[in-house]
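Data from query_28.csv: CSV, C-alpha atoms and all ligand atoms
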```
chain,number,residue,atom,x,y,z
A,16,MET,CA,0.5,10.1,17.5
A,17,VAL,CA,0.3,13.5,15.9
A,18,LYS,CA,3.8,14.8,15.2
A,19,GLN,CA,3.4,18.2,16.8
A,20,ASN,CA,7.0,19.2,16.4
A,21,LEU,CA,6.4,19.5,12.6
A,22,LEU,CA,4.3,22.5,13.5
A,23,SER,CA,6.9,24.0,15.9
A,24,PHE,CA,7.5,26.8,13.4
A,25,LEU,CA,4.1,28.2,14.4
A,26,ASP,CA,5.5,29.1,17.8
A,27,GLU,CA,8.3,31.2,16.2
A,28,GLU,CA,5.8,32.7,13.7
A,29,ILE,CA,3.5,33.7,16.5
A,30,ALA,CA,6.3,35.1,18.6
A,31,ALA,CA,7.3,37.2,15.6
A,32,LEU,CA,3.8,38.5,15.1
A,33,LYS,CA,3.7,39.4,18.8
A,34,ARG,CA,7.0,41.3,18.5
A,35,GLU,CA,5.6,43.2,15.5
A,36,GLY,CA,2.3,44.0,17.3
A,37,ARG,CA,0.5,42.0,14.6
A,38,PHE,CA,-0.9,39.1,16.7
A,39,ALA,CA,-4.7,39.3,16.6
A,40,THR,CA,-6.7,39.2,19.8
A,41,PRO,CA,-10.2,40.1,18.9
A,42,ARG,CA,-12.5,41.7,21.4
A,43,VAL,CA,-15.8,39.8,22.0
A,44,LEU,CA,-19.2,41.2,21.4
A,45,GLN,CA,-21.7,40.0,24.0
A,46,GLY,CA,-25.1,40.3,22.3
A,47,PRO,CA,-26.1,42.2,19.2
A,48,GLN,CA,-24.1,44.7,17.2
A,49,ARG,CA,-25.5,48.1,18.3
A,50,PRO,CA,-24.4,51.7,18.4
A,51,VAL,CA,-23.7,51.1,22.1
A,52,SER,CA,-22.7,47.5,22.7
A,53,VAL,CA,-21.5,45.2,25.4
A,54,ILE,CA,-17.9,44.3,24.5
A,55,ASP,CA,-15.6,42.2,26.8
A,56,GLY,CA,-18.1,42.8,29.5
A,57,LYS,CA,-18.2,46.6,29.2
A,58,ARG,CA,-20.8,48.9,27.7
A,59,VAL,CA,-19.1,51.1,25.1
A,60,VAL,CA,-20.0,53.5,22.4
A,61,ASN,CA,-19.2,51.3,19.4
A,62,LEU,CA,-17.4,53.1,16.6
A,63,THR,CA,-16.0,50.0,15.0
A,64,SER,CA,-18.7,48.1,13.1
A,65,ASN,CA,-20.0,48.5,9.6
A,66,ASN,CA,-23.6,48.5,10.8
A,67,TYR,CA,-24.1,51.8,9.0
A,68,LEU,CA,-27.9,51.8,9.0
A,69,ASP,CA,-28.3,50.2,12.5
A,70,LEU,CA,-30.1,47.2,11.0
A,71,ALA,CA,-28.1,44.4,12.7
A,72,ASP,CA,-30.6,44.1,15.5
A,73,ASP,CA,-33.7,45.4,13.7
A,74,PRO,CA,-36.9,43.5,14.8
A,75,ARG,CA,-38.2,43.4,11.2
A,76,LEU,CA,-35.0,41.8,9.9
A,77,LYS,CA,-35.0,39.3,12.8
A,78,ALA,CA,-38.6,38.4,12.1
A,79,ALA,CA,-37.9,37.8,8.4
A,80,ALA,CA,-35.0,35.5,9.3
A,81,LYS,CA,-37.1,33.5,11.8
A,82,ALA,CA,-40.0,33.2,9.3
A,83,ALA,CA,-37.6,31.9,6.6
A,84,VAL,CA,-36.2,29.2,9.0
A,85,ASP,CA,-39.8,28.0,9.5
A,86,SER,CA,-40.8,28.1,5.8
A,87,HIS,CA,-37.4,27.0,4.2
A,88,GLY,CA,-35.3,25.4,6.8
A,89,VAL,CA,-31.8,26.3,8.1
A,90,GLY,CA,-29.6,25.6,5.1
A,91,THR,CA,-29.6,24.7,1.4
A,92,ALA,CA,-27.2,21.7,1.6
A,93,ALA,CA,-26.1,22.4,-2.0
A,94,VAL,CA,-24.2,24.8,-4.2
A,95,ARG,CA,-26.2,27.2,-6.3
A,96,PRO,CA,-26.0,25.4,-9.7
A,97,ILE,CA,-26.9,22.0,-8.2
A,98,ILE,CA,-30.0,22.5,-6.0
A,99,GLY,CA,-28.9,25.3,-3.7
A,100,THR,CA,-30.9,28.0,-5.5
A,101,MET,CA,-34.1,28.7,-3.6
A,102,ASP,CA,-36.9,31.1,-4.6
A,103,LEU,CA,-35.6,33.5,-1.9
A,104,HIS,CA,-32.2,33.7,-3.6
A,105,VAL,CA,-33.9,34.5,-6.9
A,106,GLU,CA,-36.1,37.1,-5.4
A,107,LEU,CA,-33.1,38.7,-3.6
A,108,GLU,CA,-31.2,39.0,-6.9
A,109,ARG,CA,-34.2,40.6,-8.6
A,110,ARG,CA,-34.4,43.1,-5.8
A,111,LEU,CA,-30.7,43.8,-5.8
A,112,ALA,CA,-30.8,44.5,-9.6
A,113,LEU,CA,-33.7,47.0,-9.0
A,114,PHE,CA,-31.8,48.6,-6.1
A,115,LYS,CA,-28.7,49.1,-8.3
A,116,GLY,CA,-30.7,50.0,-11.4
A,117,THR,CA,-29.1,47.2,-13.5
A,118,GLU,CA,-30.5,44.5,-15.7
A,119,SER,CA,-29.4,41.7,-13.4
A,120,ALA,CA,-27.6,40.8,-10.1
A,121,LEU,CA,-25.9,37.6,-8.7
A,122,SER,CA,-25.3,37.0,-5.0
A,123,PHE,CA,-22.4,35.2,-3.5
A,124,GLN,CA,-21.5,34.0,0.0
A,125,SER,CA,-19.5,37.2,0.9
A,126,GLY,CA,-18.1,40.4,-0.5
A,127,PHE,CA,-14.7,38.7,-0.5
A,128,THR,CA,-15.8,35.8,-2.7
A,129,VAL,CA,-17.7,38.0,-5.2
A,130,ASN,CA,-14.5,40.0,-5.8
A,131,VAL,CA,-12.4,36.9,-6.1
A,132,ALA,CA,-15.0,35.4,-8.5
A,133,CYS,CA,-15.2,38.4,-10.8
A,134,CYS,CA,-11.5,39.0,-11.1
A,135,GLN,CA,-10.8,35.3,-11.7
A,136,SER,CA,-13.6,34.7,-14.1
A,137,LEU,CA,-13.3,37.8,-16.3
A,138,MET,CA,-9.5,38.0,-16.3
A,139,SER,CA,-8.9,34.5,-17.5
A,140,ASP,CA,-5.9,34.7,-19.8
A,141,GLU,CA,-2.3,35.9,-19.7
A,142,LYS,CA,-3.2,38.4,-22.4
A,143,ASP,CA,-5.6,40.2,-20.1
A,144,LEU,CA,-4.7,43.2,-18.0
A,145,LEU,CA,-6.1,44.0,-14.5
A,146,VAL,CA,-5.4,47.5,-13.4
A,147,SER,CA,-6.0,48.2,-9.7
A,148,ASP,CA,-5.8,51.1,-7.2
A,149,GLU,CA,-3.0,50.6,-4.7
A,150,LEU,CA,-5.4,50.9,-1.8
A,151,ASN,CA,-8.0,48.4,-3.0
A,152,HIS,CA,-9.4,45.8,-0.6
A,153,ALA,CA,-7.5,42.5,0.1
A,154,SER,CA,-10.2,40.5,-1.7
A,155,ILE,CA,-9.4,42.3,-5.0
A,156,ILE,CA,-5.7,41.7,-4.5
A,157,ASP,CA,-6.3,38.0,-3.9
A,158,GLY,CA,-8.8,37.9,-6.9
A,159,ALA,CA,-6.1,39.5,-9.1
A,160,ARG,CA,-3.6,36.8,-7.9
A,161,LEU,CA,-6.0,34.0,-8.8
A,162,SER,CA,-6.7,35.5,-12.2
A,163,LYS,CA,-4.3,34.6,-15.1
A,164,ALA,CA,-4.0,38.3,-16.1
A,165,ALA,CA,-1.1,40.6,-15.9
A,166,ARG,CA,-1.5,43.1,-13.1
A,167,ARG,CA,-0.7,46.8,-12.8
A,168,VAL,CA,-1.2,48.9,-9.8
A,169,TYR,CA,-1.8,52.7,-9.9
A,170,ARG,CA,-1.0,55.2,-7.1
A,171,HIS,CA,-4.1,55.8,-5.0
A,172,ARG,CA,-6.7,57.8,-6.9
A,173,ASP,CA,-4.0,59.0,-9.3
A,174,MET,CA,-5.7,59.3,-12.7
A,175,GLY,CA,-2.6,60.5,-14.4
A,176,HIS,CA,-0.8,57.3,-13.4
A,177,LEU,CA,-3.9,55.2,-14.5
A,178,GLN,CA,-3.7,56.9,-17.9
A,179,GLU,CA,0.0,56.2,-18.2
A,180,ILE,CA,-0.7,52.5,-17.6
A,181,LEU,CA,-3.6,52.5,-20.0
A,182,GLU,CA,-1.4,54.1,-22.7
A,183,SER,CA,1.4,51.6,-22.2
A,184,PRO,CA,2.1,49.1,-25.0
A,185,GLN,CA,1.3,46.3,-22.6
A,186,SER,CA,-2.2,47.7,-22.1
A,187,ARG,CA,-2.7,48.5,-25.8
A,188,ALA,CA,-1.7,44.9,-26.7
A,189,ALA,CA,-4.0,43.3,-24.0
A,190,ARG,CA,-6.9,41.2,-25.0
A,191,ARG,CA,-9.2,42.7,-22.3
A,192,ARG,CA,-8.6,45.5,-19.8
A,193,MET,CA,-10.4,45.7,-16.5
A,194,ILE,CA,-10.0,48.6,-14.1
A,195,VAL,CA,-10.9,47.8,-10.5
A,196,THR,CA,-11.5,50.3,-7.7
A,197,ASP,CA,-13.1,50.5,-4.3
A,198,GLY,CA,-16.0,53.0,-4.4
A,199,VAL,CA,-15.3,54.1,-0.9
A,200,PHE,CA,-11.8,53.2,0.4
A,201,SER,CA,-12.2,51.2,3.6
A,202,MET,CA,-9.3,52.6,5.7
A,203,ASP,CA,-9.4,56.2,4.6
A,204,GLY,CA,-13.0,56.9,3.8
A,205,ASP,CA,-12.2,58.7,0.6
A,206,VAL,CA,-14.1,58.2,-2.6
A,207,ALA,CA,-12.9,56.9,-6.0
A,208,ALA,CA,-12.5,59.6,-8.7
A,209,LEU,CA,-15.1,57.8,-10.8
A,210,PRO,CA,-16.1,60.5,-13.4
A,211,GLU,CA,-12.4,60.8,-14.5
A,212,LEU,CA,-11.9,57.1,-14.2
A,213,MET,CA,-14.9,56.3,-16.4
A,214,ASP,CA,-13.7,58.8,-19.0
A,215,LEU,CA,-10.3,57.1,-19.1
A,216,ALA,CA,-11.9,53.6,-19.2
A,217,ASP,CA,-14.1,54.5,-22.1
A,218,ARG,CA,-11.3,56.2,-24.0
A,219,TYR,CA,-8.9,53.2,-23.6
A,220,GLU,CA,-11.7,50.6,-23.9
A,221,ALA,CA,-11.4,49.1,-20.4
A,222,PHE,CA,-14.3,47.8,-18.4
A,223,VAL,CA,-14.7,48.8,-14.8
A,224,MET,CA,-15.5,47.1,-11.6
A,225,VAL,CA,-16.4,49.3,-8.6
A,226,ASP,CA,-16.4,47.6,-5.2
A,227,ASP,CA,-19.1,49.4,-3.2
A,228,ALA,CA,-18.8,47.4,0.0
A,229,HIS,CA,-18.7,50.6,2.1
A,230,ALA,CA,-20.9,52.5,-0.3
A,231,SER,CA,-24.0,50.3,-0.8
A,232,GLY,CA,-26.7,51.6,1.6
A,233,VAL,CA,-24.4,54.6,2.3
A,234,MET,CA,-23.6,56.7,-0.8
A,235,GLY,CA,-25.8,58.2,-3.5
A,236,PRO,CA,-29.6,58.5,-3.7
A,237,GLY,CA,-31.3,55.8,-1.6
A,238,GLY,CA,-27.9,54.4,-0.8
A,239,ARG,CA,-27.5,53.0,-4.3
A,240,GLY,CA,-23.7,53.4,-4.3
A,241,THR,CA,-20.9,55.5,-5.8
A,242,PRO,CA,-21.9,55.1,-9.5
A,243,ALA,CA,-25.4,56.4,-8.6
A,244,HIS,CA,-23.8,59.2,-6.5
A,245,PHE,CA,-21.9,60.4,-9.6
A,246,GLY,CA,-24.8,59.7,-12.0
A,247,LEU,CA,-22.7,56.9,-13.7
A,248,SER,CA,-24.8,53.8,-12.9
A,249,ASP,CA,-25.4,53.1,-16.6
A,250,ARG,CA,-21.7,53.3,-17.5
A,251,VAL,CA,-20.1,51.1,-14.8
A,252,GLN,CA,-20.0,47.5,-16.1
A,253,LEU,CA,-19.6,45.7,-12.7
A,254,GLN,CA,-21.1,47.1,-9.5
A,255,ILE,CA,-20.1,45.1,-6.5
A,256,GLY,CA,-22.0,45.3,-3.2
A,257,THR,CA,-21.9,43.6,0.1
A,258,LEU,CA,-24.7,42.3,2.2
A,259,SER,CA,-22.4,42.2,5.3
A,260,LYS,CA,-22.2,45.9,6.1
A,261,ALA,CA,-25.1,48.3,5.8
A,262,VAL,CA,-27.5,45.4,4.9
A,263,ALA,CA,-26.3,43.8,8.2
A,264,ALA,CA,-26.5,40.1,7.2
A,265,VAL,CA,-23.7,38.5,5.2
A,266,GLY,CA,-22.9,38.1,1.5
A,267,GLY,CA,-21.9,39.9,-1.6
A,268,TYR,CA,-23.3,40.5,-5.1
A,269,VAL,CA,-22.4,41.8,-8.5
A,270,ALA,CA,-24.9,43.9,-10.4
A,271,GLY,CA,-24.7,44.5,-14.1
A,272,SER,CA,-25.9,43.0,-17.4
A,273,LYS,CA,-27.7,39.7,-17.8
A,274,ALA,CA,-24.8,38.4,-19.9
A,275,LEU,CA,-22.5,39.1,-17.0
A,276,THR,CA,-24.5,37.2,-14.4
A,277,ASP,CA,-25.3,34.4,-16.8
A,278,TYR,CA,-21.6,33.9,-17.5
A,279,LEU,CA,-20.6,34.1,-13.8
A,280,SER,CA,-23.2,31.7,-12.7
A,281,SER,CA,-21.7,29.1,-15.0
A,282,VAL,CA,-18.0,29.7,-14.4
A,283,ALA,CA,-17.4,31.5,-11.1
A,284,ARG,CA,-15.7,29.0,-8.8
A,285,PRO,CA,-17.0,30.2,-5.4
A,286,PHE,CA,-20.5,30.1,-7.0
A,287,THR,CA,-20.0,26.6,-8.4
A,288,PHE,CA,-18.0,25.0,-5.7
A,289,SER,CA,-19.3,26.5,-2.4
A,290,SER,CA,-22.7,26.2,-0.9
A,291,SER,CA,-25.3,29.0,-1.0
A,292,HIS,CA,-26.6,31.2,1.7
A,293,PRO,CA,-29.1,29.8,4.2
A,294,PRO,CA,-32.6,31.0,3.3
A,295,SER,CA,-32.7,33.1,6.5
A,296,VAL,CA,-29.8,35.2,5.1
A,297,ALA,CA,-31.6,35.9,1.8
A,298,ALA,CA,-34.8,36.7,3.7
A,299,THR,CA,-32.9,39.1,6.1
A,300,CYS,CA,-31.4,40.9,3.1
A,301,LEU,CA,-34.9,41.3,1.5
A,302,ALA,CA,-36.3,42.8,4.7
A,303,ALA,CA,-33.3,45.1,4.9
A,304,LEU,CA,-33.9,46.4,1.3
A,305,ASP,CA,-37.5,47.1,2.3
A,306,VAL,CA,-36.4,49.1,5.4
A,307,ILE,CA,-33.8,51.0,3.4
A,308,ALA,CA,-36.4,52.0,0.8
A,309,GLN,CA,-39.1,52.8,3.4
A,310,GLU,CA,-36.9,54.8,5.8
A,311,PRO,CA,-34.7,57.3,4.0
A,312,LYS,CA,-34.3,59.0,7.4
A,313,ARG,CA,-31.7,56.4,8.3
A,314,LEU,CA,-29.5,57.5,5.5
A,315,GLU,CA,-30.0,61.2,6.3
A,316,ARG,CA,-29.2,60.5,10.0
A,317,LEU,CA,-26.1,58.5,9.0
A,318,TRP,CA,-24.7,61.5,7.1
A,319,GLU,CA,-25.7,64.0,9.8
A,320,ASN,CA,-23.9,61.9,12.3
A,321,ALA,CA,-20.8,61.5,10.0
A,322,ARG,CA,-20.6,65.3,9.5
A,323,TYR,CA,-21.1,66.0,13.2
A,324,PHE,CA,-18.5,63.6,14.4
A,325,LYS,CA,-15.9,64.6,11.8
A,326,GLU,CA,-16.4,68.3,12.5
A,327,GLY,CA,-16.1,67.6,16.3
A,328,LEU,CA,-12.8,65.8,15.8
A,329,LYS,CA,-11.4,68.5,13.5
A,330,LYS,CA,-12.4,71.2,15.9
A,331,ASP,CA,-10.4,69.5,18.6
A,332,GLY,CA,-7.4,69.4,16.3
A,333,PHE,CA,-7.3,65.8,15.1
A,334,ASP,CA,-6.1,64.9,11.6
A,335,THR,CA,-9.0,63.1,9.9
A,336,GLY,CA,-7.1,62.5,6.6
A,337,ALA,CA,-9.0,62.7,3.3
A,338,SER,CA,-12.3,61.1,4.5
A,339,GLN,CA,-15.5,62.2,2.8
A,340,THR,CA,-17.7,59.5,4.2
A,341,PRO,CA,-18.9,58.0,7.6
A,342,ILE,CA,-15.5,56.2,7.8
A,343,THR,CA,-13.3,58.7,9.6
A,344,PRO,CA,-9.7,57.9,10.4
A,345,VAL,CA,-8.0,59.7,13.3
A,346,MET,CA,-4.3,59.8,12.3
A,347,VAL,CA,-1.7,58.8,14.9
A,348,GLY,CA,1.4,57.9,12.9
A,349,ASP,CA,2.8,55.4,15.3
A,350,THR,CA,1.9,51.7,16.1
A,351,ALA,CA,2.4,51.8,19.9
A,352,LYS,CA,0.6,55.1,20.2
A,353,ALA,CA,-2.4,54.0,18.0
A,354,ARG,CA,-2.8,50.9,20.2
A,355,ALA,CA,-2.5,52.9,23.4
A,356,PHE,CA,-5.1,55.3,22.1
A,357,SER,CA,-7.6,52.5,21.4
A,358,ALA,CA,-6.9,50.8,24.7
A,359,ARG,CA,-7.4,54.0,26.8
A,360,LEU,CA,-10.5,54.9,24.9
A,361,PHE,CA,-12.0,51.5,25.6
A,362,GLU,CA,-11.3,52.0,29.4
A,363,GLU,CA,-13.2,55.3,29.0
A,364,GLY,CA,-16.2,53.6,27.3
A,365,VAL,CA,-15.5,54.1,23.6
A,366,PHE,CA,-14.4,51.4,21.1
A,367,ALA,CA,-12.4,52.6,18.1
A,368,LEU,CA,-10.0,50.1,16.5
A,369,SER,CA,-6.4,50.9,15.9
A,370,ILE,CA,-5.2,50.1,12.3
A,371,VAL,CA,-1.5,49.6,11.9
A,372,TYR,CA,1.1,48.3,9.4
A,373,PRO,CA,0.7,46.2,7.3
A,374,ILE,CA,-3.0,47.1,6.9
A,375,VAL,CA,-1.9,50.7,6.3
A,376,ALA,CA,1.5,52.0,5.4
A,377,ARG,CA,4.1,52.8,8.1
A,378,GLY,CA,3.6,56.4,9.3
A,379,ARG,CA,-0.2,56.1,8.5
A,380,GLU,CA,-1.1,54.3,11.7
A,381,ARG,CA,-4.5,55.4,13.0
A,382,LEU,CA,-7.7,54.8,14.7
A,383,ARG,CA,-10.6,54.1,12.4
A,384,THR,CA,-14.1,55.3,13.4
A,385,ILE,CA,-17.4,54.5,11.7
A,386,VAL,CA,-20.5,56.2,12.9
A,387,THR,CA,-23.9,54.7,12.3
A,388,SER,CA,-27.4,56.1,11.8
A,389,GLY,CA,-28.2,54.7,15.3
A,390,HIS,CA,-25.8,56.8,17.3
A,391,THR,CA,-27.5,59.5,19.3
A,392,THR,CA,-26.0,63.0,19.6
A,393,ALA,CA,-25.3,62.1,23.3
A,394,ASP,CA,-23.3,59.0,22.1
A,395,LEU,CA,-21.2,61.1,19.7
A,396,ASP,CA,-20.7,63.9,22.3
A,397,LEU,CA,-19.5,61.3,24.8
A,398,ALA,CA,-17.1,59.8,22.2
A,399,LEU,CA,-15.8,63.2,21.3
A,400,SER,CA,-15.1,64.2,24.9
A,401,LYS,CA,-13.2,60.9,25.4
A,402,PHE,CA,-11.2,61.4,22.2
A,403,ARG,CA,-10.3,64.9,23.5
A,404,LYS,CA,-9.3,63.6,26.9
A,405,VAL,CA,-7.2,60.7,25.7
A,406,GLY,CA,-5.8,62.6,22.7
A,407,ARG,CA,-4.4,65.2,25.2
A,408,GLU,CA,-3.0,62.5,27.4
A,409,LEU,CA,-1.1,61.1,24.5
A,410,GLY,CA,0.0,64.5,23.2
A,411,LEU,CA,-1.8,64.1,19.9
A,412,ILE,CA,-3.7,67.4,20.4
A,413,ARG,CA,-3.3,70.4,22.7
B,1,LIG,C1,-15.6,44.5,3.7
B,1,LIG,C2,-15.1,44.6,2.3
B,1,LIG,C3,-15.2,43.5,1.5
B,1,LIG,C4,-15.6,42.1,1.9
B,1,LIG,O1,-16.9,42.0,2.2
B,1,LIG,P1,-17.5,40.8,3.1
B,1,LIG,O2,-18.9,40.7,2.7
B,1,LIG,O3,-17.3,41.1,4.5
B,1,LIG,O4,-16.8,39.6,2.7
B,1,LIG,C5,-14.9,43.7,0.1
B,1,LIG,N1,-14.4,44.9,-0.3
B,1,LIG,C6,-14.3,45.9,0.5
B,1,LIG,C7,-13.9,47.3,0.0
B,1,LIG,C8,-14.7,45.8,1.9
B,1,LIG,O5,-14.5,46.8,2.7
```
For the file at hand, write its structure as structure tokens.
Ligand SMILES: *Cc1c(COP(=O)(O)O)cnc(C)c1O
Amino acid sequence: MVKQNLLSFLDEEIAALKREGRFATPRVLQGPQRPVSVIDGKRVVNLTSNNYLDLADDPRLKAAAKAAVDSHGVGTAAVRPIIGTMDLHVELERRLALFKGTESALSFQSGFTVNVACCQSLMSDEKDLLVSDELNHASIIDGARLSKAARRVYRHRDMGHLQEILESPQSRAARRRMIVTDGVFSMDGDVAALPELMDLADRYEAFVMVDDAHASGVMGPGGRGTPAHFGLSDRVQLQIGTLSKAVAAVGGYVAGSKALTDYLSSVARPFTFSSSHPPSVAATCLAALDVIAQEPKRLERLWENARYFKEGLKKDGFDTGASQTPITPVMVGDTAKARAFSARLFEEGVFALSIVYPIVARGRERLRTIVTSGHTTADLDLALSKFRKVGRELGLIR
């Protein structure tokens, strides 16, 4: 007999989540992730995925995945250091290093795990100091918690505050200093102040980790990321990328020096204690890197679409915050209204997710939209007309 009553606290916790509007009820995608997708039985313009370059249903990536199943099987049945490293993983890492312009790269099961692995492995002593932007991704926050280091958080993109922290006696006495920032911030779509940040880092002898989950395949020449965008690729010590967003498969990686990847492949706990990607994933990513290199038009189209959609929203009077990228928030400032906005848009054939406290601060509730290179002008015009209609209904615009 399972003693279910020992879990009765779950009912209370769930009731509390429901009262606070935090109970998750994900919508279900029926079929592939596409610019126009079938979700919960309805065809909608999909402004919610991270499928930036529209590769999630690309025939070349699908063919690569199928071929790898035939040549290498469905799984590795081992962790990387034991016998879970296949030639496809090695080739992917070689190509990722080329893509990022670094000496080396190391892949992980997800963007989440690579962030945890880097923070935990490099900040391994109480005498270390990890300095983090307040709006960094949850995986960086968790990585910091799992590290042994002291932690300081600076106000979002506030380089004066960062400098204050780096000048503090605590920082000066630290054994190592690591500054961590998202390249593109996932909820606001704004970009790290990397040139100023790198100058401070060099001045105070801190090394830097840039999480380019939303920037790899999106920002900079060839989609190489925010350091490349700013011409800083050779100064950023750790460039994190994800294979789960623009690359459309799943996974994460760190690009940097050979010493960095050598060290991590011996000590990083998710690398050492959790099994590696199925070969089909590595093959999919390799095919994606080929397509990204061969079809620069996708990146151009992504940015044209981002500009077009953002301008359209602004023209209608929406507040799109500080976004500079294909992530465009539409500010609402109220949980119930943000949810109603998303629900009404869905009825009208447009899917944009509401983002509320605690993911964003109270008063900063919003819809988050992400356009992809695959949206047509007609898709975006339809979405804009529905935003206008529902925005007026809810009194957000006139
Ligand atoms: C999505 C995201 C991650 C996690 O990447 P996964 O590959 O989905 O685990 C990490 N950092 C940032 C900034 C992200 O947006």
Shell around region 287-291 of chain A at 8 Å using only C-alpha atoms, local window under 2 positions removed, as an NGL selection string: :A and (91-96 or 99-100 or 123-124 or 280-285 or 293)
Keeping C-alpha atoms for every residue in the selection just given, could you write it to a file as a short mmCIF file (atom, residue, chain, number, x, y, z; two decimals), in the frame of the given file?
```
data_model
loop_
_atom_site.label_atom_id
_atom_site.label_comp_id
_atom_site.auth_asym_id
_atom_site.auth_seq_id
_atom_site.Cartn_x
_atom_site.Cartn_y
_atom_site.Cartn_z
CA THR A 91 -29.60 24.70 1.40
CA ALA A 92 -27.20 21.70 1.60
CA ALA A 93 -26.10 22.40 -2.00
CA VAL A 94 -24.20 24.80 -4.20
CA ARG A 95 -26.20 27.20 -6.30
CA PRO A 96 -26.00 25.40 -9.70
CA GLY A 99 -28.90 25.30 -3.70
CA THR A 100 -30.90 28.00 -5.50
CA PHE A 123 -22.40 35.20 -3.50
CA GLN A 124 -21.50 34.00 0.00
CA SER A 280 -23.20 31.70 -12.70
CA SER A 281 -21.70 29.10 -15.00
CA VAL A 282 -18.00 29.70 -14.40
CA ALA A 283 -17.40 31.50 -11.10
CA ARG A 284 -15.70 29.00 -8.80
CA PRO A 285 -17.00 30.20 -5.40
CA PRO A 293 -29.10 29.80 4.20
#
```
10 Å shell around ligand LIG 1 (chain B) using all atoms listed in the file, listed as JSON, numbers by chain: {"A": [65, 123, 124, 125, 126, 127, 128, 129, 130, 131, 150, 151, 152, 153, 154, 155, 196, 197, 198, 199, 200, 201, 202, 225, 226, 227, 228, 229, 230, 255, 256, 257, 258, 259, 260, 263, 264, 265, 266, 267, 268]}
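Our summary of the geometry notes that CA of Arg49 (chain A) is positioned 9.1 Å from CA of Thr387 (chain A).
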Within 9 Å of file point (-0.5, 46.1, -16.3), counting all atoms listed in the file, expressed as a PyMOL selection string: chain A and resi 143-147+164-168+180-181+183+185-186+189+192
CA of Arg377 (chain A) to CA of Gly348 (chain A), straight-line distance in Å: 7.5 Å
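Taking CA of Glu27 (chain A) and CA of Ile374 (chain A) as the two end points, the separation is 21.6 Å.
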Within 12 Å of region 110-120 of chain A: each region 284-311 of chain A residue with its shortest pair, only C-alpha atoms, as CSV:
```
residue,atom,partner,partner_atom,distance
A:Ala297,CA,A:Arg110,CA,10.8
A:Ala298,CA,A:Arg110,CA,11.5
A:Cys300,CA,A:Leu111,CA,9.4
A:Leu301,CA,A:Arg110,CA,7.5
A:Ala302,CA,A:Arg110,CA,10.7
A:Ala303,CA,A:Arg110,CA,10.9
A:Leu304,CA,A:Arg110,CA,7.8
A:Asp305,CA,A:Arg110,CA,9.6
A:Ile307,CA,A:Phe114,CA,10.0
A:Ala308,CA,A:Phe114,CA,9.0
```
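Taking only C-alpha atoms into account, Glu182 (chain A) lies nearest to A:Tyr219 out of the set A:Leu32, A:Leu209, A:Asp157, A:Tyr219.
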10 Å contact set for Gly336 (chain A), all atoms listed in the file, chain neighbours under 2 positions out, as a ChimeraX atom specification: /A:203-205,333-334,338-339,343-346,379,381
Among listed residues A:Ser369, A:Thr391, A:Gly235, A:Met213, nearest Arg250 (chain A) (using all atoms listed in the file): A:Met213
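Residue nearest Asn66 (chain A) within the list A:Arg218, A:Arg354, A:Arg313, A:His171: A:Arg313 [criterion: smallest interatomic distance, all atoms listed in the file].
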From A:Ala82, A:Leu70, A:Ala132, A:Ala243, residue lying nearest Glu310 (chain A) [all atoms listed in the file]: A:Leu70
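Nearest residue to Gln135 (chain A) among A:Tyr372, A:Phe366, A:Phe324, A:Phe286 is A:Phe286, counting only C-alpha atoms.
With distances restricted to all atoms listed in the file, A:Glu315 is the closest residue to Gly232 (chain A) from A:Glu315, A:Glu326, A:Glu408, A:Asp394.
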Shell around Leu360 (chain A) at 12 Å using all atoms listed in the file, local window under 4 positions removed, as a ChimeraX atom specification: /A:59-62,353-356,364-369,382,397-409
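Counting all atoms listed in the file, Gln252 (chain A) has the following residues at most 10 Å away, ignoring those fewer than 5 positions along the same chain: Thr117, Met193, Ala221, Phe222, Val223, Met224, Val225, Val269, Ala270, Gly271, Ser272 and Leu275 of chain A.
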Exercise: Phe245 (chain A) partners within 12 Å, all atoms listed in the file, chain neighbours under 6 positions left out, as a list in words: Gly198, Val206, Ala207, Ala208, Leu209, Pro210, Glu211, Leu212, Met213, Met234, Gly235, Pro236, Arg239 and Val251 of chain A
